[in-house]
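Chemist: Here you go, final.pdb (PDB, C-alpha atoms):
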```
ATOM      1  CA  MET A   1      -9.199  13.249   1.480
ATOM      2  CA  PHE A   2     -11.623  15.071   3.748
ATOM      3  CA  GLN A   3     -11.252  15.439   7.476
ATOM      4  CA  ILE A   4     -14.353  14.800   9.549
ATOM      5  CA  ASN A   5     -14.961  16.647  12.798
ATOM      6  CA  CYS A   6     -17.731  15.222  14.911
ATOM      7  CA  SER A   7     -19.117  16.681  18.133
ATOM      8  CA  ASP A   8     -20.514  13.353  19.397
ATOM      9  CA  ASN A   9     -17.721  10.954  20.454
ATOM     10  CA  PHE A  10     -19.983   7.893  20.508
ATOM     11  CA  PHE A  11     -21.226   8.588  16.985
ATOM     12  CA  LYS A  12     -17.696   9.444  15.860
ATOM     13  CA  SER A  13     -16.208   6.140  17.070
ATOM     14  CA  HIS A  14     -18.854   4.079  15.278
ATOM     15  CA  LEU A  15     -18.727   6.153  12.131
ATOM     16  CA  GLU A  16     -14.945   5.901  12.006
ATOM     17  CA  LYS A  17     -15.065   2.089  12.163
ATOM     18  CA  VAL A  18     -17.539   1.882   9.314
ATOM     19  CA  LEU A  19     -15.761   4.439   7.123
ATOM     20  CA  VAL A  20     -12.486   2.529   7.482
ATOM     21  CA  GLN A  21     -14.246  -0.576   6.163
ATOM     22  CA  LYS A  22     -15.570   1.425   3.204
ATOM     23  CA  LYS A  23     -12.031   2.599   2.349
ATOM     24  CA  SER A  24     -13.470   6.024   1.796
ATOM     25  CA  TYR A  25     -11.897   9.429   1.308
ATOM     26  CA  PHE A  26     -12.795  10.534   4.815
ATOM     27  CA  THR A  27     -10.548  10.611   7.865
ATOM     28  CA  PHE A  28     -10.789  11.599  11.499
ATOM     29  CA  ASP A  29      -6.996  11.837  11.768
ATOM     30  CA  ASN A  30      -6.037  15.516  11.953
ATOM     31  CA  LYS A  31      -2.413  14.628  11.104
ATOM     32  CA  LYS A  32      -3.366  13.532   7.587
ATOM     33  CA  LYS A  33      -3.539  16.066   4.809
ATOM     34  CA  TYR A  34      -7.001  16.937   3.572
ATOM     35  CA  PHE A  35      -8.797  19.145   1.069
ATOM     36  CA  ASP A  36     -11.506  20.382   3.409
ATOM     37  CA  ILE A  37     -13.224  19.727   6.728
ATOM     38  CA  ILE A  38     -16.676  18.227   7.006
ATOM     39  CA  ASN A  39     -18.356  18.891  10.347
ATOM     40  CA  ILE A  40     -20.997  16.653  11.867
ATOM     41  CA  ASP A  41     -23.301  17.693  14.684
ATOM     42  CA  ASN A  42     -25.620  15.166  16.184
ATOM     43  CA  ASN A  43     -28.509  16.128  18.424
ATOM     44  CA  ASN A  44     -31.462  14.057  19.588
ATOM     45  CA  ASP A  45     -33.554  14.232  16.454
ATOM     46  CA  GLN A  46     -31.263  15.466  13.666
ATOM     47  CA  ILE A  47     -27.848  15.074  12.236
ATOM     48  CA  ILE A  48     -26.289  18.125  10.602
ATOM     49  CA  VAL A  49     -23.437  17.801   8.130
ATOM     50  CA  PHE A  50     -21.781  21.005   7.011
ATOM     51  CA  THR A  51     -18.765  22.610   5.402
ATOM     52  CA  ASN A  52     -17.956  26.283   4.991
ATOM     53  CA  ASN A  53     -20.283  26.501   1.996
ATOM     54  CA  ASN A  54     -22.917  23.801   2.438
ATOM     55  CA  LYS A  55     -25.186  22.429   5.118
ATOM     56  CA  ILE A  56     -27.460  19.388   5.106
ATOM     57  CA  LYS A  57     -29.853  18.407   7.889
ATOM     58  CA  CYS A  58     -31.315  14.948   8.186
ATOM     59  CA  ASN A  59     -33.768  13.487  10.658
ATOM     60  CA  LEU A  60     -32.748  10.598  12.884
ATOM     61  CA  PRO A  61     -32.771   7.656  12.803
ATOM     62  CA  ILE A  62     -30.811   7.271   9.590
ATOM     63  CA  THR A  63     -29.282   4.234   7.903
ATOM     64  CA  PHE A  64     -25.575   4.223   7.283
ATOM     65  CA  ASP A  65     -26.108   4.009   3.522
ATOM     66  CA  LYS A  66     -28.255   7.126   3.562
ATOM     67  CA  PHE A  67     -25.741   8.922   5.783
ATOM     68  CA  PHE A  68     -22.840   7.887   3.550
ATOM     69  CA  LYS A  69     -24.705   9.249   0.506
ATOM     70  CA  LEU A  70     -25.165  12.473   2.429
ATOM     71  CA  LEU A  71     -21.384  12.641   3.053
ATOM     72  CA  ILE A  72     -20.683  11.981  -0.611
ATOM     73  CA  ASN A  73     -23.274  14.570  -1.620
ATOM     74  CA  ILE A  74     -21.788  17.350   0.493
ATOM     75  CA  SER A  75     -18.175  16.464  -0.326
ATOM     76  CA  SER A  76     -18.902  16.269  -4.064
ATOM     77  CA  LYS A  77     -19.635  20.011  -3.993
ATOM     78  CA  ILE A  78     -16.210  20.828  -2.574
ATOM     79  CA  LYS A  79     -13.887  22.206  -5.221
ATOM     80  CA  ILE A  80     -10.237  23.101  -5.220
ATOM     81  CA  LYS A  81      -9.217  26.026  -7.442
ATOM     82  CA  LEU A  82      -5.962  25.764  -9.333
ATOM     83  CA  LYS A  83      -5.397  28.712 -11.630
ATOM     84  CA  CYS A  84      -8.547  28.740 -13.786
ATOM     85  CA  LEU A  85      -9.282  25.057 -13.174
ATOM     86  CA  GLU A  86     -11.719  23.702 -10.624
ATOM     87  CA  TYR A  87     -11.032  20.266  -9.198
ATOM     88  CA  PHE A  88     -13.764  18.167  -7.599
ATOM     89  CA  PRO A  89     -11.912  15.358  -5.795
ATOM     90  CA  ILE A  90     -14.895  13.133  -4.980
ATOM     91  CA  ASN A  91     -16.085  13.216  -8.597
ATOM     92  CA  GLN A  92     -12.554  12.877 -10.006
ATOM     93  CA  ASN A  93     -13.348  15.813 -12.300
ATOM     94  CA  ILE A  94     -11.440  18.854 -13.446
ATOM     95  CA  VAL A  95     -13.626  21.604 -14.876
ATOM     96  CA  LYS A  96     -12.957  24.729 -16.904
ATOM     97  CA  ASP A  97     -15.468  26.751 -18.924
ATOM     98  CA  ASN A  98     -18.117  24.010 -18.711
ATOM     99  CA  LYS A  99     -15.679  21.435 -20.079
ATOM    100  CA  ILE A 100     -15.220  18.420 -17.820
ATOM    101  CA  LEU A 101     -12.283  16.048 -17.674
ATOM    102  CA  LYS A 102     -12.948  12.818 -15.771
ATOM    103  CA  LEU A 103      -9.628  11.549 -14.426
ATOM    104  CA  ASN A 104      -8.795   7.876 -14.525
ATOM    105  CA  ASP A 105      -7.764   6.248 -11.243
ATOM    106  CA  ILE A 106      -4.006   6.717 -11.717
ATOM    107  CA  HIS A 107      -4.294  10.372 -12.726
ATOM    108  CA  PHE A 108      -6.772  10.941  -9.915
ATOM    109  CA  LEU A 109      -4.334   9.567  -7.319
ATOM    110  CA  ILE A 110      -1.429  11.542  -8.771
ATOM    111  CA  PHE A 111      -3.400  14.798  -8.903
ATOM    112  CA  ASN A 112      -4.673  14.290  -5.348
ATOM    113  CA  GLN A 113      -1.199  13.706  -3.990
ATOM    114  CA  LEU A 114       0.250  16.687  -5.832
ATOM    115  CA  LEU A 115      -2.486  18.992  -4.523
ATOM    116  CA  LEU A 116      -2.464  17.621  -0.978
ATOM    117  CA  ASN A 117       1.313  18.087  -0.891
ATOM    118  CA  ILE A 118       1.493  21.287  -2.911
ATOM    119  CA  ASP A 119       3.892  22.991  -0.489
ATOM    120  CA  ASP A 120       6.396  20.199   0.073
ATOM    121  CA  GLY A 121       5.977  17.889  -2.905
ATOM    122  CA  VAL A 122       5.586  14.118  -2.882
ATOM    123  CA  ASP A 123       8.391  11.617  -2.568
ATOM    124  CA  LYS A 124       8.477   9.553  -5.785
ATOM    125  CA  HIS A 125       8.812   6.272  -3.894
ATOM    126  CA  GLU A 126       5.839   7.134  -1.661
ATOM    127  CA  MET A 127       3.824   8.087  -4.736
ATOM    128  CA  TYR A 128       4.761   4.780  -6.334
ATOM    129  CA  LYS A 129       3.542   2.861  -3.264
ATOM    130  CA  ILE A 130       0.210   4.709  -3.426
ATOM    131  CA  LEU A 131      -0.226   4.035  -7.138
ATOM    132  CA  TRP A 132       1.005   0.451  -7.301
ATOM    133  CA  PRO A 133       1.068  -1.004  -3.775
ATOM    134  CA  SER A 134       1.493  -4.603  -4.987
ATOM    135  CA  ASP A 135       4.496  -4.038  -7.248
ATOM    136  CA  LYS A 136       7.661  -5.804  -6.117
ATOM    137  CA  ASN A 137       9.978  -3.931  -8.499
ATOM    138  CA  ILE A 138       9.807  -0.150  -8.356
ATOM    139  CA  LEU A 139      10.096   1.564 -11.730
ATOM    140  CA  VAL A 140       9.832   5.292 -10.966
ATOM    141  CA  ASN A 141       9.845   6.073 -14.702
ATOM    142  CA  LYS A 142       6.214   4.851 -14.714
ATOM    143  CA  ILE A 143       5.351   7.905 -12.606
ATOM    144  CA  ASP A 144       7.057  10.228 -15.090
ATOM    145  CA  THR A 145       5.069   8.650 -17.931
ATOM    146  CA  HIS A 146       1.773   9.168 -16.111
ATOM    147  CA  LEU A 147       2.719  12.739 -15.174
ATOM    148  CA  SER A 148       3.382  13.470 -18.854
ATOM    149  CA  ASN A 149       0.083  11.851 -19.826
ATOM    150  CA  LEU A 150      -1.812  13.918 -17.233
ATOM    151  CA  LYS A 151      -0.090  17.088 -18.405
ATOM    152  CA  ASN A 152      -0.978  16.310 -22.034
ATOM    153  CA  LEU A 153      -4.609  15.586 -21.129
ATOM    154  CA  LEU A 154      -4.974  18.984 -19.470
ATOM    155  CA  LEU A 155      -3.267  20.699 -22.372
ATOM    156  CA  ARG A 156      -5.534  19.039 -24.958
ATOM    157  CA  LYS A 157      -8.787  19.437 -23.008
ATOM    158  CA  PHE A 158      -8.316  22.885 -21.463
ATOM    159  CA  ASP A 159      -5.275  24.396 -23.162
ATOM    160  CA  GLU A 160      -3.705  24.573 -19.694
ATOM    161  CA  ASN A 161      -0.121  23.695 -18.888
ATOM    162  CA  LEU A 162       0.791  21.983 -15.643
ATOM    163  CA  TYR A 163       4.370  22.273 -14.530
ATOM    164  CA  PHE A 164       6.165  19.797 -12.329
ATOM    165  CA  THR A 165       9.575  19.787 -10.817
ATOM    166  CA  THR A 166      11.532  16.978  -9.225
ATOM    167  CA  HIS A 167      14.092  17.867  -6.593
ATOM    168  CA  GLN A 168      15.777  15.405  -4.250
ATOM    169  CA  GLY A 169      13.312  12.673  -5.210
ATOM    170  CA  LYS A 170      10.196  14.802  -4.613
ATOM    171  CA  ILE A 171       7.695  15.716  -7.310
ATOM    172  CA  LYS A 172       6.135  19.118  -6.893
ATOM    173  CA  LEU A 173       3.354  20.849  -8.756
ATOM    174  CA  ILE A 174       4.401  24.371  -9.708
ATOM    175  CA  VAL A 175       1.625  26.936  -9.400
ATOM    176  CA  ASP A 176       2.187  30.463 -10.716
TER     177      ASP A 176
END
```
What is this structure when it is put down as structure tokens?

Modeler:
Amino acid sequence: MFQINCSDNFFKSHLEKVLVQKKSYFTFDNKKKYFDIINIDNNNDQIIVFTNNNKIKCNLPITFDKFFKLLINISSKIKIKLKCLEYFPINQNIVKDNKILKLNDIHFLIFNQLLLNIDDGVDKHEMYKILWPSDKNILVNKIDTHLSNLKNLLLRKFDENLYFTTHQGKIKLIVD
């Protein structure tokens, strides 16, 4: 999840409506947890999209598809460091020493939630709703199975151990 800050309220309101329809990884809600902030400045002839490390300028007018690709482009360069691993949320990749692990959708959602909630942990029932929103019967052991699978993937690919703890129904990623 990436928070978008936009200086132009008119542009922001229209962009927000379209991004909601796309079910993207971008939010304007500053109460939601996010990996990084993407800023958007709009002047008469250009739109500027930037983060702390990257900046892209584009001439106006611009189609939404082109603008969305620009958002994906800049957000795909954002990485989260975890020990000696680098995580690229938009690409669903974990990288170490030029080795790349492409996460499947379940592992991607789990890893995102664990990182976004690294301080407090994630409630197992909330995690279950994110992973399997249509399930009528909740089987929290499915989460434990996928956590073990994710841990084993990282161990095999990178020789890195991930440690989890569960306390009062919350799963937490333990970082040394």

Chemist: Give the answer as one residue: which of A:Ser134, A:Tyr128, A:Gly121, A:Leu154 has the shortest atom-to-atom distance to A:Ile100, using all atoms listed in the file?

Modeler: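 For A:Ile100, the nearest of the candidates is A:Leu154.
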
Chemist: From the list A:Lys23, A:Lys96, A:His107, A:Lys17, which residue is nearest A:Lys79 when using only C-alpha atoms?

Modeler: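 Among A:Lys23, A:Lys96, A:His107, A:Lys17, it is A:Lys96 that comes nearest to A:Lys79.
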
Chemist: Pick out the residues sitting within 12 Å of A:Lys32, and hand them over as a list of chain:residue names; count all atoms listed in the file, and ignore anything fewer than 3 positions along from it in its own chain.

Modeler: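 Answer for this query is A:Met1, A:Phe2, A:Gln3, A:Ile4, A:Tyr25, A:Phe26, A:Thr27, A:Phe28, A:Asp29, A:Phe35, A:Asp36, A:Ile37, A:Gln113, A:Leu116, A:Asn117.
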
Chemist: Of the candidates A:Lys55, A:Lys66, A:His167, A:Asn43, which shows the shortest atom-to-atom distance to A:Asp120, using only C-alpha atoms?

Modeler: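 The shortest atom-to-atom distance to A:Asp120 comes from A:His167.
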
Chemist: With all atoms listed in the file as the basis for distance, which of A:Lys77, A:Arg156, A:Lys83, A:Lys102 is at the shortest distance from A:Ile38?

Modeler: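 Of the candidates, the smallest distance to A:Ile38 is held by A:Lys77.
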
Chemist: Select, from A:Val95, A:Ile40, A:Ile72, A:Leu150, the residue with the minimum atom-to-atom distance to A:Cys58, counting all atoms listed in the file.

Modeler: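 Closest to A:Cys58 of all the choices is A:Ile40.
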
Chemist: If we count only C-alpha atoms, what is near A:Leu60 at a cut-off of 12 Å, once residues fewer than 5 positions away on the same chain are taken out, given as a ChimeraX atom specification?

Modeler: /A:41-48,66-67

Chemist: When you draw a straight line from atom CA of A:Cys84 to atom CA of A:Ser24, how long is it in Å?

Modeler: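 Spanning atom CA of A:Cys84 to atom CA of A:Ser24 is a straight-line distance of 28.0 Å.
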
Chemist: Using all atoms listed in the file, which of the listed residues (A:Ile74, A:Lys69, A:Asp135, A:Leu103) sits closest to A:Ile56?

Modeler: A:Ile74

Chemist: Output the residue selection produced by the PyMOL selection byres ((chain A and resi 129) around 12) on the file above, formatted as a list in words.

Modeler: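 When the PyMOL selection byres ((chain A and resi 129) around 12) is applied to the shown file, the picked residues are Ile106, Leu109, Ile110, Gln113, Val122, Asp123, Lys124, His125, Glu126, Met127, Tyr128, Ile130, Leu131, Trp132, Pro133, Ser134, Asp135, Lys136, Asn137, Ile138, Leu139, Val140, Lys142 and Ile143 of chain A.
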
Chemist: What does the file look like for those residues with C-alpha atoms, as a tab-separated table (two decimals), keeping the file's coordinate frame?

Modeler:
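The new file part_8.tsv reads:
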```tsv
chain	number	residue	atom	x	y	z
A	106	ILE	CA	-4.01	6.72	-11.72
A	109	LEU	CA	-4.33	9.57	-7.32
A	110	ILE	CA	-1.43	11.54	-8.77
A	113	GLN	CA	-1.20	13.71	-3.99
A	122	VAL	CA	5.59	14.12	-2.88
A	123	ASP	CA	8.39	11.62	-2.57
A	124	LYS	CA	8.48	9.55	-5.78
A	125	HIS	CA	8.81	6.27	-3.89
A	126	GLU	CA	5.84	7.13	-1.66
A	127	MET	CA	3.82	8.09	-4.74
A	128	TYR	CA	4.76	4.78	-6.33
A	130	ILE	CA	0.21	4.71	-3.43
A	131	LEU	CA	-0.23	4.04	-7.14
A	132	TRP	CA	1.00	0.45	-7.30
A	133	PRO	CA	1.07	-1.00	-3.78
A	134	SER	CA	1.49	-4.60	-4.99
A	135	ASP	CA	4.50	-4.04	-7.25
A	136	LYS	CA	7.66	-5.80	-6.12
A	137	ASN	CA	9.98	-3.93	-8.50
A	138	ILE	CA	9.81	-0.15	-8.36
A	139	LEU	CA	10.10	1.56	-11.73
A	140	VAL	CA	9.83	5.29	-10.97
A	142	LYS	CA	6.21	4.85	-14.71
A	143	ILE	CA	5.35	7.90	-12.61
```

Chemist: As an exercise, work out the distance from atom CA of A:Asp144 to atom CA of A:Ile174 in Å and give it to one decimal place.

Modeler: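 The value is 15.4 Å.
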
Chemist: Between atom CA of A:Lys151 and atom CA of A:Phe164, what is the distance in Å, rounded to a tenth?

Modeler: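 Those two atoms sit 9.1 Å apart.
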
Chemist: Applied to this file, what does the PyMOL selection byres ((chain A and resi 91) around 9) return in terms of residues, put as a list in words?

Modeler: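 On this input, the PyMOL selection byres ((chain A and resi 91) around 9) captures Ser76, Lys77, Tyr87, Phe88, Pro89, Ile90, Gln92, Asn93, Ile94, Lys102 and Leu103 of chain A.
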